[in-house]
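K.L.:
Have a peek at query-v4.txt (compact mmCIF, N, CA and C atoms).
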```
# COMPACT_ATOMS: atom_id res chain seq x y z
N MET H 1 -14.14 -14.50 -4.68
CA MET H 1 -13.14 -13.76 -3.93
C MET H 1 -12.84 -14.54 -2.65
N ALA H 2 -11.58 -14.57 -2.27
CA ALA H 2 -11.16 -15.25 -1.06
C ALA H 2 -11.70 -14.52 0.17
N ASN H 3 -11.90 -15.27 1.24
CA ASN H 3 -12.46 -14.68 2.45
C ASN H 3 -11.46 -14.52 3.59
N ASP H 4 -10.18 -14.78 3.31
CA ASP H 4 -9.20 -14.58 4.37
C ASP H 4 -9.03 -13.08 4.61
N PRO H 5 -8.65 -12.68 5.81
CA PRO H 5 -8.59 -11.25 6.15
C PRO H 5 -7.75 -10.40 5.21
N LEU H 6 -6.56 -10.85 4.85
CA LEU H 6 -5.71 -10.03 3.97
C LEU H 6 -6.32 -9.87 2.58
N SER H 7 -6.95 -10.91 2.06
CA SER H 7 -7.59 -10.79 0.75
C SER H 7 -8.73 -9.78 0.80
N LEU H 8 -9.51 -9.81 1.87
CA LEU H 8 -10.60 -8.84 2.01
C LEU H 8 -10.06 -7.42 2.13
N ILE H 9 -8.99 -7.25 2.87
CA ILE H 9 -8.39 -5.92 3.05
C ILE H 9 -7.87 -5.39 1.71
N PHE H 10 -7.07 -6.20 1.01
CA PHE H 10 -6.50 -5.73 -0.25
C PHE H 10 -7.57 -5.53 -1.32
N ALA H 11 -8.60 -6.36 -1.33
CA ALA H 11 -9.69 -6.17 -2.29
C ALA H 11 -10.41 -4.84 -2.00
N ALA H 12 -10.60 -4.55 -0.72
CA ALA H 12 -11.26 -3.29 -0.35
C ALA H 12 -10.38 -2.10 -0.74
N LEU H 13 -9.09 -2.21 -0.55
CA LEU H 13 -8.18 -1.11 -0.85
C LEU H 13 -7.93 -0.94 -2.35
N ALA H 14 -8.34 -1.91 -3.14
CA ALA H 14 -8.08 -1.85 -4.59
C ALA H 14 -8.89 -0.77 -5.29
N ASP H 15 -9.94 -0.30 -4.67
CA ASP H 15 -10.83 0.68 -5.31
C ASP H 15 -10.50 2.10 -4.84
N PRO H 16 -10.31 3.04 -5.77
CA PRO H 16 -9.95 4.41 -5.37
C PRO H 16 -11.04 5.13 -4.57
N THR H 17 -12.31 4.82 -4.83
CA THR H 17 -13.38 5.44 -4.04
C THR H 17 -13.30 4.98 -2.59
N ARG H 18 -13.05 3.70 -2.39
CA ARG H 18 -12.94 3.19 -1.01
C ARG H 18 -11.72 3.77 -0.31
N ARG H 19 -10.62 3.93 -1.05
CA ARG H 19 -9.43 4.55 -0.43
C ARG H 19 -9.74 6.00 -0.05
N ALA H 20 -10.49 6.70 -0.88
CA ALA H 20 -10.87 8.09 -0.56
C ALA H 20 -11.79 8.13 0.66
N LEU H 21 -12.69 7.17 0.77
CA LEU H 21 -13.56 7.10 1.95
C LEU H 21 -12.73 6.87 3.21
N LEU H 22 -11.75 5.99 3.13
CA LEU H 22 -10.87 5.75 4.28
C LEU H 22 -10.07 7.00 4.64
N ALA H 23 -9.61 7.71 3.62
CA ALA H 23 -8.85 8.95 3.88
C ALA H 23 -9.72 9.96 4.61
N ARG H 24 -10.97 10.06 4.19
CA ARG H 24 -11.89 10.97 4.88
C ARG H 24 -12.11 10.53 6.32
N LEU H 25 -12.30 9.23 6.54
CA LEU H 25 -12.53 8.72 7.89
C LEU H 25 -11.29 8.84 8.77
N ALA H 26 -10.12 8.95 8.18
CA ALA H 26 -8.90 9.18 8.96
C ALA H 26 -8.95 10.54 9.66
N GLU H 27 -9.80 11.44 9.14
CA GLU H 27 -9.97 12.76 9.75
C GLU H 27 -10.97 12.73 10.90
N GLY H 28 -11.77 11.68 10.98
CA GLY H 28 -12.76 11.56 12.05
C GLY H 28 -14.02 10.89 11.56
N GLU H 29 -14.90 10.56 12.50
CA GLU H 29 -16.16 9.90 12.18
C GLU H 29 -17.01 10.73 11.22
N ALA H 30 -17.85 10.03 10.45
CA ALA H 30 -18.74 10.71 9.51
C ALA H 30 -19.93 9.81 9.23
N THR H 31 -21.03 10.42 8.87
CA THR H 31 -22.22 9.66 8.47
C THR H 31 -22.08 9.29 7.00
N VAL H 32 -22.95 8.40 6.57
CA VAL H 32 -22.95 8.00 5.16
C VAL H 32 -23.21 9.22 4.27
N ASN H 33 -24.15 10.08 4.67
CA ASN H 33 -24.44 11.28 3.89
C ASN H 33 -23.22 12.19 3.79
N GLU H 34 -22.49 12.35 4.89
CA GLU H 34 -21.29 13.20 4.87
C GLU H 34 -20.22 12.58 3.98
N LEU H 35 -20.10 11.27 4.05
CA LEU H 35 -19.10 10.59 3.23
C LEU H 35 -19.45 10.66 1.75
N ALA H 36 -20.74 10.60 1.44
CA ALA H 36 -21.18 10.58 0.04
C ALA H 36 -21.08 11.94 -0.62
N GLU H 37 -21.10 12.98 0.17
CA GLU H 37 -21.18 14.36 -0.36
C GLU H 37 -20.21 14.67 -1.51
N PRO H 38 -18.91 14.39 -1.38
CA PRO H 38 -17.99 14.81 -2.46
C PRO H 38 -17.98 13.91 -3.69
N PHE H 39 -18.71 12.80 -3.66
CA PHE H 39 -18.62 11.84 -4.76
C PHE H 39 -19.78 12.00 -5.74
N PRO H 40 -19.50 11.86 -7.03
CA PRO H 40 -20.55 11.96 -8.06
C PRO H 40 -21.26 10.62 -8.27
N ILE H 41 -21.49 9.90 -7.18
CA ILE H 41 -22.17 8.60 -7.27
C ILE H 41 -23.34 8.61 -6.29
N SER H 42 -24.23 7.65 -6.45
CA SER H 42 -25.43 7.61 -5.61
C SER H 42 -25.09 7.23 -4.17
N LEU H 43 -26.02 7.55 -3.29
CA LEU H 43 -25.89 7.18 -1.88
C LEU H 43 -25.84 5.66 -1.76
N GLN H 44 -26.59 4.96 -2.60
CA GLN H 44 -26.56 3.49 -2.60
C GLN H 44 -25.17 2.97 -2.95
N ALA H 45 -24.53 3.58 -3.94
CA ALA H 45 -23.18 3.14 -4.34
C ALA H 45 -22.20 3.36 -3.20
N VAL H 46 -22.30 4.50 -2.52
CA VAL H 46 -21.42 4.75 -1.37
C VAL H 46 -21.69 3.72 -0.28
N SER H 47 -22.95 3.40 -0.05
CA SER H 47 -23.29 2.38 0.96
C SER H 47 -22.68 1.03 0.61
N ARG H 48 -22.69 0.68 -0.67
CA ARG H 48 -22.08 -0.60 -1.08
C ARG H 48 -20.58 -0.58 -0.83
N HIS H 49 -19.92 0.55 -1.13
CA HIS H 49 -18.48 0.67 -0.83
C HIS H 49 -18.23 0.52 0.66
N LEU H 50 -19.08 1.14 1.47
CA LEU H 50 -18.91 1.06 2.92
C LEU H 50 -19.10 -0.37 3.42
N LYS H 51 -20.00 -1.12 2.82
CA LYS H 51 -20.19 -2.52 3.22
C LYS H 51 -18.94 -3.34 2.94
N VAL H 52 -18.28 -3.07 1.81
CA VAL H 52 -17.03 -3.77 1.49
C VAL H 52 -15.97 -3.43 2.53
N LEU H 53 -15.86 -2.14 2.88
CA LEU H 53 -14.88 -1.72 3.88
C LEU H 53 -15.20 -2.33 5.25
N GLU H 54 -16.48 -2.39 5.58
CA GLU H 54 -16.89 -2.97 6.86
C GLU H 54 -16.59 -4.47 6.90
N ARG H 55 -16.88 -5.15 5.81
CA ARG H 55 -16.61 -6.60 5.73
C ARG H 55 -15.12 -6.89 5.91
N ALA H 56 -14.28 -6.00 5.41
CA ALA H 56 -12.83 -6.15 5.54
C ALA H 56 -12.34 -5.72 6.92
N GLY H 57 -13.22 -5.17 7.73
CA GLY H 57 -12.83 -4.72 9.07
C GLY H 57 -12.18 -3.36 9.09
N LEU H 58 -12.18 -2.66 7.95
CA LEU H 58 -11.51 -1.37 7.85
C LEU H 58 -12.33 -0.23 8.44
N ILE H 59 -13.63 -0.42 8.57
CA ILE H 59 -14.47 0.58 9.22
C ILE H 59 -15.45 -0.13 10.14
N SER H 60 -16.01 0.61 11.07
CA SER H 60 -17.10 0.12 11.90
C SER H 60 -18.17 1.19 11.89
N ARG H 61 -19.37 0.78 12.21
CA ARG H 61 -20.49 1.72 12.26
C ARG H 61 -21.06 1.71 13.66
N GLY H 62 -21.18 2.88 14.22
CA GLY H 62 -21.73 3.01 15.55
C GLY H 62 -23.21 3.36 15.49
N ARG H 63 -23.76 3.60 16.67
CA ARG H 63 -25.15 4.02 16.74
C ARG H 63 -25.25 5.02 17.88
N ASP H 64 -25.67 6.22 17.54
CA ASP H 64 -25.87 7.27 18.52
C ASP H 64 -27.22 7.89 18.19
N ALA H 65 -28.25 7.38 18.86
CA ALA H 65 -29.63 7.76 18.55
C ALA H 65 -29.91 7.41 17.09
N GLN H 66 -30.22 8.40 16.27
CA GLN H 66 -30.49 8.13 14.85
C GLN H 66 -29.24 8.35 13.99
N TRP H 67 -28.19 8.79 14.60
CA TRP H 67 -26.94 9.04 13.89
C TRP H 67 -26.12 7.77 13.89
N ARG H 68 -25.71 7.29 12.72
CA ARG H 68 -24.89 6.07 12.62
C ARG H 68 -23.53 6.43 12.05
N PRO H 69 -22.62 6.89 12.88
CA PRO H 69 -21.31 7.30 12.36
C PRO H 69 -20.46 6.11 11.93
N CYS H 70 -19.70 6.33 10.89
CA CYS H 70 -18.70 5.36 10.44
C CYS H 70 -17.36 5.81 11.02
N ARG H 71 -16.55 4.85 11.39
CA ARG H 71 -15.22 5.21 11.89
C ARG H 71 -14.17 4.26 11.32
N LEU H 72 -12.99 4.78 11.15
CA LEU H 72 -11.87 4.01 10.63
C LEU H 72 -11.37 3.05 11.69
N GLU H 73 -11.08 1.84 11.28
CA GLU H 73 -10.45 0.84 12.15
C GLU H 73 -9.05 0.59 11.61
N THR H 74 -8.04 0.89 12.40
CA THR H 74 -6.67 0.87 11.89
C THR H 74 -5.99 -0.50 11.96
N ALA H 75 -6.47 -1.40 12.79
CA ALA H 75 -5.80 -2.71 12.95
C ALA H 75 -5.63 -3.45 11.62
N PRO H 76 -6.65 -3.52 10.76
CA PRO H 76 -6.44 -4.22 9.48
C PRO H 76 -5.39 -3.54 8.60
N LEU H 77 -5.33 -2.21 8.64
CA LEU H 77 -4.31 -1.51 7.86
C LEU H 77 -2.92 -1.84 8.39
N GLU H 78 -2.79 -1.95 9.69
CA GLU H 78 -1.51 -2.32 10.29
C GLU H 78 -1.12 -3.74 9.89
N GLU H 79 -2.11 -4.64 9.87
CA GLU H 79 -1.86 -6.03 9.45
C GLU H 79 -1.35 -6.07 8.01
N ALA H 80 -1.99 -5.31 7.13
CA ALA H 80 -1.56 -5.26 5.73
C ALA H 80 -0.16 -4.64 5.62
N SER H 81 0.10 -3.63 6.40
CA SER H 81 1.40 -2.96 6.38
C SER H 81 2.51 -3.92 6.82
N VAL H 82 2.25 -4.72 7.84
CA VAL H 82 3.24 -5.70 8.30
C VAL H 82 3.52 -6.71 7.19
N TRP H 83 2.47 -7.18 6.54
CA TRP H 83 2.63 -8.16 5.46
C TRP H 83 3.46 -7.56 4.32
N ILE H 84 3.15 -6.34 3.92
CA ILE H 84 3.89 -5.67 2.86
C ILE H 84 5.34 -5.44 3.31
N GLY H 85 5.52 -5.07 4.57
CA GLY H 85 6.85 -4.79 5.10
C GLY H 85 7.81 -5.96 4.98
N ARG H 86 7.29 -7.17 5.19
CA ARG H 86 8.16 -8.36 5.06
C ARG H 86 8.71 -8.46 3.65
N TYR H 87 7.88 -8.21 2.67
CA TYR H 87 8.32 -8.31 1.28
C TYR H 87 9.16 -7.11 0.89
N ARG H 88 8.89 -5.96 1.45
CA ARG H 88 9.69 -4.76 1.16
C ARG H 88 11.13 -5.01 1.59
N GLU H 89 11.32 -5.59 2.77
CA GLU H 89 12.68 -5.87 3.25
C GLU H 89 13.40 -6.82 2.30
N GLN H 90 12.72 -7.86 1.84
CA GLN H 90 13.34 -8.79 0.90
C GLN H 90 13.74 -8.09 -0.39
N TRP H 91 12.84 -7.28 -0.94
CA TRP H 91 13.14 -6.61 -2.21
C TRP H 91 14.21 -5.55 -2.05
N GLU H 92 14.21 -4.83 -0.94
CA GLU H 92 15.27 -3.83 -0.71
C GLU H 92 16.62 -4.52 -0.63
N ASP H 93 16.68 -5.68 0.02
CA ASP H 93 17.93 -6.44 0.10
C ASP H 93 18.36 -6.90 -1.29
N ARG H 94 17.43 -7.43 -2.06
CA ARG H 94 17.76 -7.90 -3.41
C ARG H 94 18.19 -6.75 -4.31
N LEU H 95 17.47 -5.65 -4.24
CA LEU H 95 17.82 -4.50 -5.07
C LEU H 95 19.16 -3.91 -4.64
N GLY H 96 19.46 -3.94 -3.35
CA GLY H 96 20.76 -3.48 -2.87
C GLY H 96 21.89 -4.32 -3.42
N ARG H 97 21.70 -5.63 -3.42
CA ARG H 97 22.73 -6.52 -3.97
C ARG H 97 22.87 -6.31 -5.47
N LEU H 98 21.76 -6.11 -6.17
CA LEU H 98 21.82 -5.85 -7.61
C LEU H 98 22.57 -4.55 -7.89
N ASP H 99 22.29 -3.52 -7.09
CA ASP H 99 22.97 -2.24 -7.25
C ASP H 99 24.48 -2.40 -7.05
N GLU H 100 24.88 -3.16 -6.03
CA GLU H 100 26.30 -3.41 -5.79
C GLU H 100 26.94 -4.12 -6.99
N GLU H 101 26.24 -5.09 -7.54
CA GLU H 101 26.78 -5.84 -8.68
C GLU H 101 26.90 -4.94 -9.90
N ILE H 102 25.93 -4.11 -10.15
CA ILE H 102 26.00 -3.18 -11.29
C ILE H 102 27.17 -2.22 -11.12
N ARG H 103 27.35 -1.70 -9.92
CA ARG H 103 28.49 -0.79 -9.68
C ARG H 103 29.81 -1.52 -9.89
N ARG H 104 29.88 -2.78 -9.46
CA ARG H 104 31.11 -3.56 -9.63
C ARG H 104 31.40 -3.76 -11.11
N ILE H 105 30.37 -4.06 -11.88
CA ILE H 105 30.53 -4.29 -13.32
C ILE H 105 30.93 -3.01 -14.04
N GLN H 106 30.35 -1.89 -13.61
CA GLN H 106 30.62 -0.61 -14.28
C GLN H 106 31.95 0.01 -13.87
N ARG H 107 32.53 -0.44 -12.78
CA ARG H 107 33.80 0.10 -12.32
C ARG H 107 34.86 -0.16 -13.39
N PRO H 108 35.55 0.88 -13.86
CA PRO H 108 36.56 0.66 -14.90
C PRO H 108 37.69 -0.21 -14.36
N ARG H 109 38.09 -1.12 -15.21
CA ARG H 109 39.22 -1.97 -14.83
C ARG H 109 40.49 -1.30 -15.29
N ARG H 110 41.50 -1.39 -14.52
CA ARG H 110 42.76 -0.71 -14.82
C ARG H 110 43.32 -1.18 -16.16
N ASN H 111 43.19 -2.44 -16.45
CA ASN H 111 43.76 -2.99 -17.70
C ASN H 111 43.02 -2.47 -18.93
N ASP H 112 41.77 -2.09 -18.79
CA ASP H 112 41.02 -1.62 -19.94
C ASP H 112 41.37 -0.19 -20.32
N HIS H 113 41.75 0.63 -19.37
CA HIS H 113 41.94 2.05 -19.64
C HIS H 113 43.40 2.51 -19.54
N GLU H 114 44.16 1.84 -18.75
CA GLU H 114 45.57 2.24 -18.59
C GLU H 114 46.45 1.02 -18.77
N ARG H 115 47.45 1.20 -19.51
CA ARG H 115 48.44 0.13 -19.60
C ARG H 115 49.68 0.58 -18.87
N PRO H 116 50.25 -0.28 -18.11
CA PRO H 116 51.49 0.11 -17.41
C PRO H 116 52.56 0.53 -18.42
N HIS H 117 53.47 1.37 -17.99
CA HIS H 117 54.52 1.91 -18.85
C HIS H 117 55.36 0.81 -19.49
N SER H 118 55.50 -0.30 -18.82
CA SER H 118 56.36 -1.35 -19.35
C SER H 118 55.77 -2.01 -20.60
N ASP H 119 54.45 -1.86 -20.86
CA ASP H 119 53.84 -2.45 -22.05
C ASP H 119 54.02 -1.59 -23.27
N ARG H 120 54.47 -0.37 -23.17
CA ARG H 120 54.55 0.54 -24.31
C ARG H 120 55.81 0.38 -25.07
```
Let me see the structure of the file written as structure tokens.
P.N.:
Amino acid sequence: MANDPLSLIFAALADPTRRALLARLAEGEATVNELAEPFPISLQAVSRHLKVLERAGLISRGRDAQWRPCRLETAPLEEASVWIGRYREQWEDRLGRLDEEIRRIQRPRRNDHERPHSDR
């Protein structure tokens, strides 16, 4: 797997469990046990998912006495959004031009449907 930041971010986001963990963290900090609660997987599996998210910079782990809360880090998501946005603009432009061309092609031509009176 590539180690550049965007590759790490997209690889982390590729898994639905990790996306669900991020969605939960968007509501506020949580411990590993709190994050693991709704999932039918082991605490170890959740910890492995969290390590992937942490490596991608999508979460950070704090320390408050014995409590180690996880928190969402939004900067990498913004970076991914900017990258996607550049391509979205290109595709919207291309699809807009394609739509215009299709409408032009589908527009009935006068000669195909009506003949002037002088041709009859």
K.L.:
Check segment 8-71 of chain H with DSSP on the backbone and list each residue it calls strand (DSSP E or B), as a VMD selection string.
P.N.:
chain H and resid 30 59 to 61 64 67 70 to 71
K.L.:
Write the residues you've just listed into a file as a PDB file, in the coordinates of the input, and include N, CA and C atoms for each of them.
P.N.:
```
ATOM      1  N   ALA H  30     -17.850  10.030  10.450  1.00  0.00           N
ATOM      2  CA  ALA H  30     -18.740  10.710   9.510  1.00  0.00           C
ATOM      3  C   ALA H  30     -19.930   9.810   9.230  1.00  0.00           C
ATOM      4  N   ILE H  59     -13.630  -0.420   8.570  1.00  0.00           N
ATOM      5  CA  ILE H  59     -14.470   0.580   9.220  1.00  0.00           C
ATOM      6  C   ILE H  59     -15.450  -0.130  10.140  1.00  0.00           C
ATOM      7  N   SER H  60     -16.010   0.610  11.070  1.00  0.00           N
ATOM      8  CA  SER H  60     -17.100   0.120  11.900  1.00  0.00           C
ATOM      9  C   SER H  60     -18.170   1.190  11.890  1.00  0.00           C
ATOM     10  N   ARG H  61     -19.370   0.780  12.210  1.00  0.00           N
ATOM     11  CA  ARG H  61     -20.490   1.720  12.260  1.00  0.00           C
ATOM     12  C   ARG H  61     -21.060   1.710  13.660  1.00  0.00           C
ATOM     13  N   ASP H  64     -25.670   6.220  17.540  1.00  0.00           N
ATOM     14  CA  ASP H  64     -25.870   7.270  18.520  1.00  0.00           C
ATOM     15  C   ASP H  64     -27.220   7.890  18.190  1.00  0.00           C
ATOM     16  N   TRP H  67     -28.190   8.790  14.600  1.00  0.00           N
ATOM     17  CA  TRP H  67     -26.940   9.040  13.890  1.00  0.00           C
ATOM     18  C   TRP H  67     -26.120   7.770  13.890  1.00  0.00           C
ATOM     19  N   CYS H  70     -19.700   6.330  10.890  1.00  0.00           N
ATOM     20  CA  CYS H  70     -18.700   5.360  10.440  1.00  0.00           C
ATOM     21  C   CYS H  70     -17.360   5.810  11.020  1.00  0.00           C
ATOM     22  N   ARG H  71     -16.550   4.850  11.390  1.00  0.00           N
ATOM     23  CA  ARG H  71     -15.220   5.210  11.890  1.00  0.00           C
ATOM     24  C   ARG H  71     -14.170   4.260  11.320  1.00  0.00           C
TER      25      ARG H  71
END
```
K.L.:
Could you check the closest approach to Trp67 of chain H for each of H:Ser42, H:Ala80, H:Gly85, H:Thr31 and tell me which residue wins, using only N, CA and C atoms?
P.N.:
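Of all the options, H:Thr31 lies closest to Trp67 of chain H.
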K.L.:
Provide an axis-aligned box for all listed atoms of segment 24-30 of chain H, padding each side by 5 Å; report its centre and its edge lengths in Å to one decimal, as AutoDock Vina command-line options.
P.N.:
```
--center_x -14.4 --center_y 10.7 --center_z 8.3 --size_x 21.0 --size_y 14.0 --size_z 18.3
```
K.L.:
Please, what distance in Å, to one decimal, runs between atom C of Ala2 of chain H and atom CA of Pro16 of chain H?
P.N.:
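We find that atom C of Ala2 of chain H and atom CA of Pro16 of chain H lie 19.8 Å from each other.
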K.L.:
Restricting the calculation to all atoms listed in the file: of H:Glu29, H:Glu37, H:Glu54, H:Glu89, which residue gets closest to Cys70 of chain H?
P.N.:
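Looking at the shortest contact to Cys70 of chain H, the residue is H:Glu29.
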K.L.:
Out of H:Leu13, H:Ile59, H:Leu8, H:Leu21, which residue has the shortest atom-to-atom distance to Arg71 of chain H when counting all atoms listed in the file?
P.N.:
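The closest residue to Arg71 of chain H is H:Ile59.
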K.L.:
Check the smallest atom-to-atom distance from each of H:Glu73, H:Phe10, H:Val46, H:Leu53 to Gly28 of chain H using only C-alpha atoms, then report the winner.
P.N.:
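Of H:Glu73, H:Phe10, H:Val46, H:Leu53, the one nearest Gly28 of chain H, counting only C-alpha atoms, is H:Glu73.
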K.L.:
May I ask for the distance between atom CA of Ile9 of chain H and atom N of Ala30 of chain H, given in Å to one decimal place?
P.N.:
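Between atom CA of Ile9 of chain H and atom N of Ala30 of chain H the gap is 20.0 Å.
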K.L.:
To test your reading of the structure, identify every residue in chain H that backbone DSSP assigns to helix (DSSP H, G or I), and report it as a PyMOL selection string.
P.N.:
chain H and resi 5-13+16-25+32-36+43-55+75-106+110-113+117-119
K.L.:
Rank nothing, just name the residue among H:Glu79, H:Gly96, H:Leu72, H:His49 nearest to Ala14 of chain H, using only C-alpha atoms.
P.N.:
H:His49
K.L.:
What gap, in Å, lies between atom CA of Val52 of chain H and atom CA of Ala11 of chain H?
P.N.:
8.6 Å
K.L.:
Could you tell me, as a tab-separated table (two decimals) with N, CA and C atoms, in the frame of the given file, which residues have any atom at most 7 Å from (-16.1, 13.3, 0.3), counting all atoms listed in the file?
P.N.:
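Wrote result_23.tsv, looks like this:
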```tsv
chain	number	residue	atom	x	y	z
H	20	ALA	N	-10.49	6.70	-0.88
H	20	ALA	CA	-10.87	8.09	-0.56
H	20	ALA	C	-11.79	8.13	0.66
H	21	LEU	N	-12.69	7.17	0.77
H	21	LEU	CA	-13.56	7.10	1.95
H	21	LEU	C	-12.73	6.87	3.21
H	24	ARG	N	-10.97	10.06	4.19
H	24	ARG	CA	-11.89	10.97	4.88
H	24	ARG	C	-12.11	10.53	6.32
H	34	GLU	N	-22.49	12.35	4.89
H	34	GLU	CA	-21.29	13.20	4.87
H	34	GLU	C	-20.22	12.58	3.98
H	35	LEU	N	-20.10	11.27	4.05
H	35	LEU	CA	-19.10	10.59	3.23
H	35	LEU	C	-19.45	10.66	1.75
H	36	ALA	N	-20.74	10.60	1.44
H	36	ALA	CA	-21.18	10.58	0.04
H	36	ALA	C	-21.08	11.94	-0.62
H	37	GLU	N	-21.10	12.98	0.17
H	37	GLU	CA	-21.18	14.36	-0.36
H	37	GLU	C	-20.21	14.67	-1.51
H	38	PRO	N	-18.91	14.39	-1.38
H	38	PRO	CA	-17.99	14.81	-2.46
H	38	PRO	C	-17.98	13.91	-3.69
H	39	PHE	N	-18.71	12.80	-3.66
H	39	PHE	CA	-18.62	11.84	-4.76
H	39	PHE	C	-19.78	12.00	-5.74
```
K.L.:
Rebuild N, CA, C and O atoms on segment 44-59 of chain H, as a PDB file, keeping the file's coordinate frame?
P.N.:
```
ATOM      1  N   GLN H  44     -26.590   4.960  -2.600  1.00  0.00           N
ATOM      2  CA  GLN H  44     -26.560   3.490  -2.600  1.00  0.00           C
ATOM      3  C   GLN H  44     -25.170   2.970  -2.950  1.00  0.00           C
ATOM      4  O   GLN H  44     -24.698   2.001  -2.356  1.00  0.00           O
ATOM      5  N   ALA H  45     -24.530   3.580  -3.940  1.00  0.00           N
ATOM      6  CA  ALA H  45     -23.180   3.140  -4.340  1.00  0.00           C
ATOM      7  C   ALA H  45     -22.200   3.360  -3.200  1.00  0.00           C
ATOM      8  O   ALA H  45     -21.350   2.500  -2.928  1.00  0.00           O
ATOM      9  N   VAL H  46     -22.300   4.500  -2.520  1.00  0.00           N
ATOM     10  CA  VAL H  46     -21.420   4.750  -1.370  1.00  0.00           C
ATOM     11  C   VAL H  46     -21.690   3.720  -0.280  1.00  0.00           C
ATOM     12  O   VAL H  46     -20.748   3.178   0.315  1.00  0.00           O
ATOM     13  N   SER H  47     -22.950   3.400  -0.050  1.00  0.00           N
ATOM     14  CA  SER H  47     -23.290   2.380   0.960  1.00  0.00           C
ATOM     15  C   SER H  47     -22.680   1.030   0.610  1.00  0.00           C
ATOM     16  O   SER H  47     -22.205   0.305   1.489  1.00  0.00           O
ATOM     17  N   ARG H  48     -22.690   0.680  -0.670  1.00  0.00           N
ATOM     18  CA  ARG H  48     -22.080  -0.600  -1.080  1.00  0.00           C
ATOM     19  C   ARG H  48     -20.580  -0.580  -0.830  1.00  0.00           C
ATOM     20  O   ARG H  48     -20.010  -1.574  -0.366  1.00  0.00           O
ATOM     21  N   HIS H  49     -19.920   0.550  -1.130  1.00  0.00           N
ATOM     22  CA  HIS H  49     -18.480   0.670  -0.830  1.00  0.00           C
ATOM     23  C   HIS H  49     -18.230   0.520   0.660  1.00  0.00           C
ATOM     24  O   HIS H  49     -17.289  -0.150   1.087  1.00  0.00           O
ATOM     25  N   LEU H  50     -19.080   1.140   1.470  1.00  0.00           N
ATOM     26  CA  LEU H  50     -18.910   1.060   2.920  1.00  0.00           C
ATOM     27  C   LEU H  50     -19.100  -0.370   3.420  1.00  0.00           C
ATOM     28  O   LEU H  50     -18.405  -0.796   4.352  1.00  0.00           O
ATOM     29  N   LYS H  51     -20.000  -1.120   2.820  1.00  0.00           N
ATOM     30  CA  LYS H  51     -20.190  -2.520   3.220  1.00  0.00           C
ATOM     31  C   LYS H  51     -18.940  -3.340   2.940  1.00  0.00           C
ATOM     32  O   LYS H  51     -18.562  -4.204   3.730  1.00  0.00           O
ATOM     33  N   VAL H  52     -18.280  -3.070   1.810  1.00  0.00           N
ATOM     34  CA  VAL H  52     -17.030  -3.770   1.490  1.00  0.00           C
ATOM     35  C   VAL H  52     -15.970  -3.430   2.530  1.00  0.00           C
ATOM     36  O   VAL H  52     -15.257  -4.302   3.033  1.00  0.00           O
ATOM     37  N   LEU H  53     -15.860  -2.140   2.880  1.00  0.00           N
ATOM     38  CA  LEU H  53     -14.880  -1.720   3.880  1.00  0.00           C
ATOM     39  C   LEU H  53     -15.200  -2.330   5.250  1.00  0.00           C
ATOM     40  O   LEU H  53     -14.295  -2.745   5.979  1.00  0.00           O
ATOM     41  N   GLU H  54     -16.480  -2.390   5.580  1.00  0.00           N
ATOM     42  CA  GLU H  54     -16.890  -2.970   6.860  1.00  0.00           C
ATOM     43  C   GLU H  54     -16.590  -4.470   6.900  1.00  0.00           C
ATOM     44  O   GLU H  54     -16.090  -4.983   7.899  1.00  0.00           O
ATOM     45  N   ARG H  55     -16.880  -5.150   5.810  1.00  0.00           N
ATOM     46  CA  ARG H  55     -16.610  -6.600   5.730  1.00  0.00           C
ATOM     47  C   ARG H  55     -15.120  -6.890   5.910  1.00  0.00           C
ATOM     48  O   ARG H  55     -14.732  -7.897   6.505  1.00  0.00           O
ATOM     49  N   ALA H  56     -14.280  -6.000   5.410  1.00  0.00           N
ATOM     50  CA  ALA H  56     -12.830  -6.150   5.540  1.00  0.00           C
ATOM     51  C   ALA H  56     -12.340  -5.720   6.920  1.00  0.00           C
ATOM     52  O   ALA H  56     -11.157  -5.874   7.215  1.00  0.00           O
ATOM     53  N   GLY H  57     -13.220  -5.170   7.730  1.00  0.00           N
ATOM     54  CA  GLY H  57     -12.830  -4.720   9.070  1.00  0.00           C
ATOM     55  C   GLY H  57     -12.180  -3.360   9.090  1.00  0.00           C
ATOM     56  O   GLY H  57     -11.645  -2.939  10.107  1.00  0.00           O
ATOM     57  N   LEU H  58     -12.180  -2.660   7.950  1.00  0.00           N
ATOM     58  CA  LEU H  58     -11.510  -1.370   7.850  1.00  0.00           C
ATOM     59  C   LEU H  58     -12.330  -0.230   8.440  1.00  0.00           C
ATOM     60  O   LEU H  58     -11.772   0.832   8.758  1.00  0.00           O
ATOM     61  N   ILE H  59     -13.630  -0.420   8.570  1.00  0.00           N
ATOM     62  CA  ILE H  59     -14.470   0.580   9.220  1.00  0.00           C
ATOM     63  C   ILE H  59     -15.450  -0.130  10.140  1.00  0.00           C
ATOM     64  O   ILE H  59     -15.691  -1.340  10.012  1.00  0.00           O
TER      65      ILE H  59
END
```
